[in-house]
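The structure appears right after this line, and notes come after that.
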Protein chains: 2
Amino acid sequence: MAIADNAAMSNTSTGLRERTRRAVRREIAETASRLFLERGYAATTIDDIAAVVGMSQRSVFRYFPTKEDLLLEKFDLAAEQLLDRLARIPAAEPIWSALRQAFEVMVPETDRPGHDAAAEAIMRVVFGSTSLFAGYLERLQRMQDDVVALLRDGRPGATADLRAVVGAGFGCLVAAQRSWLDRSDPCPFAAMLDRAMAMVAPAPPPRQRH
Amino acid sequence: MAIADNAAMSNTSTGLRERTRRAVRREIAETASRLFLERGYAATTIDDIAAVVGMSQRSVFRYFPTKEDLLLEKFDLAAEQLLDRLARIPAAEPIWSALRQAFEVMVPETDRPGHDAAAEAIMRVVFGSTSLFAGYLERLQRMQDDVVALLRDGRPGATADLRAVVGAGFGCLVAAQRSWLDRSDPCPFAAMLDRAMAMVAPAPPPRQRH
DNA sequence: GCCATATGTGTCAGCAACTGACATAATAGA
DNA sequence: TCTATTATGTCAGTTGCTGACACATATGGC
């Protein structure tokens, strides 16, 4: 049956259908981002996006479950990378610095020499819209669950404690992101994140029996 | 003009109109909470609520801007109390313990002997619905702005640093709330919050020049 | 090349959260 | 009592989102 075939090839890049589907998906997301940047999130309607892409509104919803997902799925990719990175960090590493390293993937392009302005602009759209920001925070929360699940085996301590530390770390992340967007003079995001996280858990962590 | 009069009496409890308005408002909120508990948030429609209260859907929206506000405005009251409490804490107090004390108002009734089951049930509704939870997190974020603004004068340090510490504190708060809702054996929320916050910032805080 | 099946798409109808506009009733204040 | 404000209902409309149906296209086995 084709079902088995599909399941088997869904991860691989093979399968013409998958490829075109992915391409259409990307085109929708990119058009949406562009329109959101140009006209603002609330002022852009799904019908607008559909019209530009050249398909019906219904089809847009077949690719993306909600309007928010059109933008926020970008962060799902970051979430995967974050977990990937975290998984490679040895368990001996203190949690706080492990988190700091993992957060490196969260704002990948903004500090690089090229300084991808689009990434920052999208961040401003997300942080500027109440509903988008709410959705972003909720995604961060779900991300924390994955992080906790990953850190749980390999490290000692109760889940509740782990959750608290991870929650505090993500709190610092969001604080740093907001402070960075509010910055007056040019300042790399990594520095803001360092400062934020150093503020909370200073160098010698007393928890951590190795 | 009546405009000035209204502005003058809006705070006081005088004014029959204000009083009835407040009463209607409360009735709507209570009916909404009840229906959300009974049928679930998503399954309850504004028309349902309006029908039970005995008014038109349009009028419900005249009292509450969004469906979310019907539930989440409860936390606005908590936010006020939190700021109130925080304002009374002397500036000499370390930020972390000041936050811990202020958080005391966040889950007021659940730990008391009476154990207001409604409060916990509402919490479960909020934490159980994706959109409600997102809105809750966004409100917590705005609450943090107020907390930072309050702590800024009276304490040394840059706003960004303050924001990080406060963000970490609220991160612990949410983590404790989630852990508490997940609890298997009976456990007071205050204890969970203590543990969560102790986990992140241990007893002797190295920042804090007094 | 042909056929059965799976898949993508458009269209349409409908629901629910909102919003603005208008008419009307109730009411506070002079 | 009269007037200006306010509360409410009704109605129409927008937007996000969903299910159902029909149709076209493409895929894979023969």
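How things are named: the first chain in the structure tokens is A, the next is B, and so on; residues count from 1 in each chain; ligands count from 1 in the order shown.
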
Could you build a table of the residues in chain C lying no more than 12 Å from chain B, giving for each the nearest pair of atoms and their separation in Å rounded to one decimal place, using only C-alpha atoms (C1' of nucleotides), ordered by chain and ascending residue number, as a tab-separated table?
```
residue	atom	partner	partner_atom	distance
C:DC15	C1'	B:Thr45	CA	10.5
C:DA16	C1'	B:Thr45	CA	7.4
C:DA17	C1'	B:Lys67	CA	7.9
C:DC18	C1'	B:Thr66	CA	8.0
C:DT19	C1'	B:Arg58	CA	9.5
C:DG20	C1'	B:Arg58	CA	11.3
C:DA26	C1'	B:Arg17	CA	11.5
C:DT27	C1'	B:Arg17	CA	9.0
C:DA28	C1'	B:Arg17	CA	8.7
C:DG29	C1'	B:Ala2	CA	9.0
C:DA30	C1'	B:Met1	CA	11.5
```

Taking only residues of chain B that have an atom at most 10 Å from an atom of chain D, what is each one's shortest atom pair and its distance in Å to one decimal, using only C-alpha atoms (C1' of nucleotides), in chain and number order, as a tab-separated table?
```
residue	atom	partner	partner_atom	distance
B:Ala2	CA	D:DT5	C1'	8.4
B:Ile3	CA	D:DT5	C1'	9.9
B:Arg17	CA	D:DT6	C1'	9.0
B:Arg21	CA	D:DA7	C1'	9.4
B:Met55	CA	D:DT8	C1'	8.4
B:Ser56	CA	D:DG9	C1'	6.8
B:Gln57	CA	D:DG9	C1'	9.5
B:Arg58	CA	D:DG9	C1'	8.2
B:Ser59	CA	D:DT8	C1'	6.8
B:Arg62	CA	D:DA7	C1'	9.7
```

Would you save the residues from that selection as a PDB file, in the first residue's frame, using N, CA, C and O atoms?
```pdb
ATOM      1  N   ALA B   2     -20.616  66.391  32.535  1.00  0.00           N
ATOM      2  CA  ALA B   2     -20.665  65.133  33.273  1.00  0.00           C
ATOM      3  C   ALA B   2     -19.366  64.336  33.135  1.00  0.00           C
ATOM      4  O   ALA B   2     -19.101  63.448  33.909  1.00  0.00           O
ATOM      5  N   ILE B   3     -18.610  64.700  32.135  1.00  0.00           N
ATOM      6  CA  ILE B   3     -17.351  63.982  31.930  1.00  0.00           C
ATOM      7  C   ILE B   3     -16.460  64.101  33.165  1.00  0.00           C
ATOM      8  O   ILE B   3     -15.954  63.122  33.678  1.00  0.00           O
ATOM      9  N   ARG B  17     -25.017  54.135  38.778  1.00  0.00           N
ATOM     10  CA  ARG B  17     -24.744  53.541  37.471  1.00  0.00           C
ATOM     11  C   ARG B  17     -23.506  52.655  37.513  1.00  0.00           C
ATOM     12  O   ARG B  17     -23.493  51.541  37.001  1.00  0.00           O
ATOM     13  N   ARG B  21     -23.382  48.674  36.955  1.00  0.00           N
ATOM     14  CA  ARG B  21     -22.486  48.196  35.899  1.00  0.00           C
ATOM     15  C   ARG B  21     -21.520  47.149  36.435  1.00  0.00           C
ATOM     16  O   ARG B  21     -21.298  46.108  35.820  1.00  0.00           O
ATOM     17  N   MET B  55     -28.962  38.445  28.328  1.00  0.00           N
ATOM     18  CA  MET B  55     -28.734  39.651  27.523  1.00  0.00           C
ATOM     19  C   MET B  55     -28.212  39.231  26.155  1.00  0.00           C
ATOM     20  O   MET B  55     -28.015  38.043  25.906  1.00  0.00           O
ATOM     21  N   SER B  56     -28.015  40.215  25.309  1.00  0.00           N
ATOM     22  CA  SER B  56     -27.549  39.900  23.958  1.00  0.00           C
ATOM     23  C   SER B  56     -26.035  39.700  23.953  1.00  0.00           C
ATOM     24  O   SER B  56     -25.326  40.225  24.806  1.00  0.00           O
ATOM     25  N   GLN B  57     -25.574  38.957  22.976  1.00  0.00           N
ATOM     26  CA  GLN B  57     -24.143  38.727  22.815  1.00  0.00           C
ATOM     27  C   GLN B  57     -23.397  40.049  22.725  1.00  0.00           C
ATOM     28  O   GLN B  57     -22.331  40.222  23.312  1.00  0.00           O
ATOM     29  N   ARG B  58     -24.001  40.994  22.011  1.00  0.00           N
ATOM     30  CA  ARG B  58     -23.360  42.289  21.838  1.00  0.00           C
ATOM     31  C   ARG B  58     -23.092  42.981  23.172  1.00  0.00           C
ATOM     32  O   ARG B  58     -22.066  43.634  23.349  1.00  0.00           O
ATOM     33  N   SER B  59     -24.017  42.832  24.090  1.00  0.00           N
ATOM     34  CA  SER B  59     -23.847  43.477  25.388  1.00  0.00           C
ATOM     35  C   SER B  59     -22.732  42.836  26.194  1.00  0.00           C
ATOM     36  O   SER B  59     -22.011  43.512  26.931  1.00  0.00           O
ATOM     37  N   ARG B  62     -19.740  44.344  25.367  1.00  0.00           N
ATOM     38  CA  ARG B  62     -19.600  45.716  25.858  1.00  0.00           C
ATOM     39  C   ARG B  62     -18.953  45.720  27.241  1.00  0.00           C
ATOM     40  O   ARG B  62     -18.393  46.713  27.676  1.00  0.00           O
TER      41      ARG B  62
END
```

For chain A, work out the contacting residues on chain B at 7 Å, counting only C-alpha atoms, and write them as a count of residues only. 22

I'd like the contact shell of Arg34 in chain A - 12 Å cut-off, only C-alpha atoms (C1' of nucleotides), skipping same-chain residues fewer than 6 positions apart - returned as a PyMOL selection string. chain A and resi 27-28+40-41+44+48-49+52-53+70-71+118-119+121-122+125

C-alpha atoms of the current selection, written as a PDB file, in the first residue's frame:
```
ATOM      1  CA  GLU A  27       6.226  29.864  -0.678  1.00  0.00           C
ATOM      2  CA  ILE A  28       3.144  30.452   1.438  1.00  0.00           C
ATOM      3  CA  GLY A  40       1.474  44.383   9.719  1.00  0.00           C
ATOM      4  CA  TYR A  41       0.136  41.123  11.094  1.00  0.00           C
ATOM      5  CA  THR A  44      -2.940  41.138   6.630  1.00  0.00           C
ATOM      6  CA  ASP A  48      -4.615  38.520   0.977  1.00  0.00           C
ATOM      7  CA  ILE A  49      -1.943  35.876   1.328  1.00  0.00           C
ATOM      8  CA  VAL A  52      -0.785  36.706  -3.696  1.00  0.00           C
ATOM      9  CA  VAL A  53       0.254  33.075  -3.702  1.00  0.00           C
ATOM     10  CA  LEU A  70       2.514  31.101   9.321  1.00  0.00           C
ATOM     11  CA  LEU A  71       5.056  33.059  11.339  1.00  0.00           C
ATOM     12  CA  ALA A 118      14.634  40.166   8.217  1.00  0.00           C
ATOM     13  CA  ALA A 119      15.069  38.018  11.303  1.00  0.00           C
ATOM     14  CA  ALA A 121      12.083  42.531  11.707  1.00  0.00           C
ATOM     15  CA  ILE A 122      10.115  39.328  12.155  1.00  0.00           C
ATOM     16  CA  VAL A 125       6.407  41.730  14.414  1.00  0.00           C
TER      17      VAL A 125
END
```

Could you tell me how far CA of Leu72 in chain B sits from CA of Leu37 in chain B, in Å to one decimal place? 13.8 Å

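Closest approach to Asp153 in chain A among A:Leu77, A:Ala102, A:Ala42, A:Ala87: A:Ala87, based on only C-alpha atoms.
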
Check chain A with DSSP on the backbone and list each residue it calls alpha helix (DSSP H), as an MDAnalysis selection string. chainID A and resid 2:9 16:39 46:53 57:63 67:88 95:103 117:128 130:152 159:182 189:200

Report the distance between CA of Ala91 in chain A and CA of Leu151 in chain A in Å, rounded to one decimal place.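 Answer for the CA of Ala91 in chain A to CA of Leu151 in chain A separation: 8.1 Å.
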
Between CA of Gln101 in chain B and CA of Arg85 in chain B, what is the spacing in Å?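 Distance between the two atoms: 8.0 Å.
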